[in-house]
Amino acid sequence: MQNIKLYLFGVLLACTASIHAAPSVEFQTSQGNFTVELYPEKAPKTVANFLQYVKDGFYENTIFHRVINRFMIQGGGFERDLTEKNTRAPIVNESNNGLLNETGTIAMARTADPDSATAQFFVNLADNQFLNYTSPDPEQIGYCVFGKVTSGFEVVQKIGLSPTTSMGRNADVPVRPIIIKSVKLLAEVAK
């Protein structure tokens, strides 16, 4: 009887853990790999949008097209020749979720329109407090954080050190293209 109780407790524990699982994705880049844990409980629409792009293979062979050391690396929207990829409709900005643009976090890139994020994202190389939500005013709404690098941050830092140039209307473009070979959903990990 004791063995059955222990077995049932183990099953219950495993089920509870899977309920609170956080999805993770692995970025395979020309500079190495890194893993990001996503926070769907804090940014459900943003994570769902991002994961749909992942499942569609959208990020394969895109580049990190904007790299600023001690600030951030941005990618997910351009091909190697700086041709911008077509995206789905923009999503609502979920920046008022309590998550901060701290070192190692991933957030959605957007235009001046707060609700214009589509596929592009950036990884913070520093604590960028000025990117955080402070009010619903369009000038202070900030950028939605939806995950954090959990392994391979040294790869992100290495990308951040890349020499850059201007190409056409794009500034801070790495001189040698930094390819995102793929972004793959990993098995969910219990928190």
# chains A, B, ... in the order shown; residues from 1 in each chain; ligands from 1
$ residues_around --residues "Leu100 (chain A)" --least-positions-apart "4" --cutoff "10 Å" --atoms "only C-alpha atoms" --output "list in words"
Ser95, Asn96, Thr105, Ile106, Ala107, Asp127, Asn128, Gln129, Phe130, Leu131, Asn132, Tyr133, Gly142, Tyr143, Cys144, Val145 and Phe146 of chain A
$ write_last_selection --atoms "N, CA and C atoms" --output "tab-separated table (two decimals), in the first residue's frame"
chain	number	residue	atom	x	y	z
A	95	SER	N	3.53	45.05	-22.33
A	95	SER	CA	4.67	45.50	-21.52
A	95	SER	C	4.32	45.74	-20.06
A	96	ASN	N	3.05	45.91	-19.74
A	96	ASN	CA	2.63	46.15	-18.35
A	96	ASN	C	2.41	44.82	-17.63
A	105	THR	N	17.21	39.38	-20.82
A	105	THR	CA	15.80	39.19	-21.17
A	105	THR	C	15.59	39.39	-22.66
A	106	ILE	N	14.52	38.79	-23.17
A	106	ILE	CA	14.14	38.95	-24.57
A	106	ILE	C	12.84	39.74	-24.61
A	107	ALA	N	12.75	40.69	-25.53
A	107	ALA	CA	11.57	41.56	-25.64
A	107	ALA	C	11.22	41.73	-27.11
A	127	ASP	N	20.94	46.19	-18.27
A	127	ASP	CA	19.67	46.58	-17.66
A	127	ASP	C	19.23	47.87	-18.34
A	128	ASN	N	18.23	47.76	-19.22
A	128	ASN	CA	17.77	48.91	-20.01
A	128	ASN	C	16.45	49.44	-19.43
A	129	GLN	N	16.57	50.12	-18.29
A	129	GLN	CA	15.38	50.59	-17.57
A	129	GLN	C	14.52	51.53	-18.42
A	130	PHE	N	15.13	52.28	-19.31
A	130	PHE	CA	14.38	53.24	-20.12
A	130	PHE	C	13.44	52.54	-21.11
A	131	LEU	N	13.56	51.22	-21.27
A	131	LEU	CA	12.67	50.46	-22.14
A	131	LEU	C	11.48	49.86	-21.40
A	132	ASN	N	11.43	50.05	-20.08
A	132	ASN	CA	10.37	49.45	-19.26
A	132	ASN	C	9.07	50.25	-19.33
A	133	TYR	N	7.98	49.55	-19.05
A	133	TYR	CA	6.66	50.18	-18.93
A	133	TYR	C	6.68	51.13	-17.74
A	142	GLY	N	6.73	51.37	-23.11
A	142	GLY	CA	7.85	50.44	-23.05
A	142	GLY	C	7.76	49.29	-24.04
A	143	TYR	N	8.63	48.31	-23.82
A	143	TYR	CA	8.78	47.16	-24.71
A	143	TYR	C	8.51	45.89	-23.92
A	144	CYS	N	7.72	45.00	-24.50
A	144	CYS	CA	7.25	43.81	-23.80
A	144	CYS	C	8.33	42.73	-23.67
A	145	VAL	N	8.74	42.47	-22.44
A	145	VAL	CA	9.63	41.35	-22.13
A	145	VAL	C	8.76	40.09	-22.06
A	146	PHE	N	9.26	39.00	-22.68
A	146	PHE	CA	8.47	37.76	-22.67
A	146	PHE	C	9.30	36.52	-22.39
$ residues_around --residues "Arg176 (chain A)" --least-positions-apart "4" --cutoff "10 Å" --atoms "only C-alpha atoms" --output "VMD selection string"
chain A and resid 80 162 to 165
$ write_last_selection --atoms "C-alpha atoms" --output "mmCIF file, in the first residue's frame"
data_model
loop_
_atom_site.group_PDB
_atom_site.id
_atom_site.type_symbol
_atom_site.label_atom_id
_atom_site.label_comp_id
_atom_site.auth_asym_id
_atom_site.auth_seq_id
_atom_site.Cartn_x
_atom_site.Cartn_y
_atom_site.Cartn_z
ATOM 1 C CA ARG A 80 20.898 37.960 -45.098
ATOM 2 C CA SER A 162 30.446 42.191 -33.472
ATOM 3 C CA PRO A 163 31.824 45.079 -35.537
ATOM 4 C CA THR A 164 28.980 46.954 -37.255
ATOM 5 C CA THR A 165 28.379 49.324 -40.149
#
$ closest_residue --among "A:Gln52, A:Thr62, A:Ser30, A:Asn93" --to "Glu79 (chain A)" --atoms "only C-alpha atoms"
A:Thr62
$ closest_residue --among "A:Val175, A:Val183, A:Ala109, A:Met72" --to "Leu51 (chain A)" --atoms "only C-alpha atoms"
A:Val183
$ residues_around --residues "region 23-28 of chain A" --least-positions-apart "6" --cutoff "9 Å" --atoms "only C-alpha atoms" --output "PDB file with C-alpha atoms, in the first residue's frame"
ATOM      1  CA  PHE A  34      21.569  29.898 -26.674  1.00  0.00           C
ATOM      2  CA  THR A  35      18.348  28.919 -24.921  1.00  0.00           C
ATOM      3  CA  VAL A  36      15.483  31.192 -23.889  1.00  0.00           C
ATOM      4  CA  GLU A  37      12.749  30.353 -21.373  1.00  0.00           C
ATOM      5  CA  LEU A  38       9.435  31.993 -22.278  1.00  0.00           C
ATOM      6  CA  TYR A  39       6.832  33.419 -19.865  1.00  0.00           C
ATOM      7  CA  PRO A  40       3.337  32.752 -21.253  1.00  0.00           C
ATOM      8  CA  LEU A  51       5.908  30.472 -30.847  1.00  0.00           C
ATOM      9  CA  VAL A  54       8.951  29.470 -34.406  1.00  0.00           C
ATOM     10  CA  GLY A 147      11.400  35.552 -21.661  1.00  0.00           C
ATOM     11  CA  THR A 150      18.806  30.559 -19.481  1.00  0.00           C
ATOM     12  CA  ILE A 179      22.732  34.039 -39.083  1.00  0.00           C
ATOM     13  CA  ILE A 180      19.883  32.636 -37.036  1.00  0.00           C
ATOM     14  CA  LYS A 181      20.016  29.108 -38.458  1.00  0.00           C
ATOM     15  CA  SER A 182      16.907  28.036 -36.562  1.00  0.00           C
ATOM     16  CA  VAL A 183      14.798  28.586 -33.477  1.00  0.00           C
ATOM     17  CA  LYS A 184      13.342  25.360 -32.108  1.00  0.00           C
ATOM     18  CA  LEU A 185      10.858  24.682 -29.346  1.00  0.00           C
ATOM     19  CA  LEU A 186      12.413  22.407 -26.714  1.00  0.00           C
ATOM     20  CA  ALA A 187      10.574  20.017 -24.450  1.00  0.00           C
ATOM     21  CA  GLU A 188       8.870  22.048 -21.757  1.00  0.00           C
ATOM     22  CA  VAL A 189      10.791  22.296 -18.514  1.00  0.00           C
ATOM     23  CA  ALA A 190       9.150  22.402 -15.086  1.00  0.00           C
TER      24      ALA A 190
END
$ closest_residue --among "A:Gln140, A:Asn124, A:Asn101, A:Asn86" --to "Tyr53 (chain A)" --atoms "only C-alpha atoms"
A:Asn86
$ atom_distance --atom1 "CA of Pro177 (chain A)" --atom2 "CA of Glu154 (chain A)"
18.2 Å
$ closest_residue --among "A:Val123, A:Thr29, A:Ile63, A:Ile178" --to "Val149 (chain A)" --atoms "only C-alpha atoms"
A:Val123
$ atom_distance --atom1 "CA of Lys45 (chain A)" --atom2 "CA of Asn33 (chain A)"
25.5 Å
$ atom_distance --atom1 "CA of Gly160 (chain A)" --atom2 "CA of Ile68 (chain A)"
6.1 Å
$ select_by_dssp --residues "region 3-154 of chain A" --states "strand (DSSP E)" --output "VMD selection string"
chain A and resid 21 to 22 24 to 29 32 to 38 62 to 68 72 to 79 105 to 108 121 to 124 145 to 151
$ residues_around --residues "Thr87 (chain A)" --least-positions-apart "6" --cutoff "9 Å" --atoms "only C-alpha atoms" --output "ChimeraX atom specification"
/A:53,58,77,118-119
$ select_by_dssp --residues "region 43-145 of chain A" --states "helix (DSSP H, G or I)" --output "list in words"
Pro44, Lys45, Thr46, Val47, Ala48, Asn49, Phe50, Leu51, Gln52, Tyr53, Val54, Lys55, Gln129, Phe130 and Leu131 of chain A
$ write_last_selection --atoms "C-alpha atoms" --output "PDB file, in the first residue's frame"
ATOM      1  CA  PRO A  44       0.370  35.190 -23.251  1.00  0.00           C
ATOM      2  CA  LYS A  45      -0.326  36.881 -26.599  1.00  0.00           C
ATOM      3  CA  THR A  46       3.328  37.735 -27.159  1.00  0.00           C
ATOM      4  CA  VAL A  47       4.545  34.210 -26.403  1.00  0.00           C
ATOM      5  CA  ALA A  48       1.803  32.657 -28.557  1.00  0.00           C
ATOM      6  CA  ASN A  49       2.761  34.983 -31.432  1.00  0.00           C
ATOM      7  CA  PHE A  50       6.477  34.236 -31.066  1.00  0.00           C
ATOM      8  CA  LEU A  51       5.908  30.472 -30.847  1.00  0.00           C
ATOM      9  CA  GLN A  52       3.756  30.542 -33.974  1.00  0.00           C
ATOM     10  CA  TYR A  53       6.643  32.156 -35.866  1.00  0.00           C
ATOM     11  CA  VAL A  54       8.951  29.470 -34.406  1.00  0.00           C
ATOM     12  CA  LYS A  55       6.589  26.651 -35.463  1.00  0.00           C
ATOM     13  CA  GLN A 129      15.382  50.595 -17.574  1.00  0.00           C
ATOM     14  CA  PHE A 130      14.377  53.238 -20.118  1.00  0.00           C
ATOM     15  CA  LEU A 131      12.673  50.464 -22.144  1.00  0.00           C
TER      16      LEU A 131
END
$ closest_residue --among "A:His65, A:Gly98, A:Gly152, A:Glu139" --to "Glu84 (chain A)" --atoms "only C-alpha atoms"
A:His65
$ closest_residue --among "A:Ser166, A:Ser151, A:Thr103, A:Thr134" --to "Phe122 (chain A)" --atoms "only C-alpha atoms"
A:Thr103
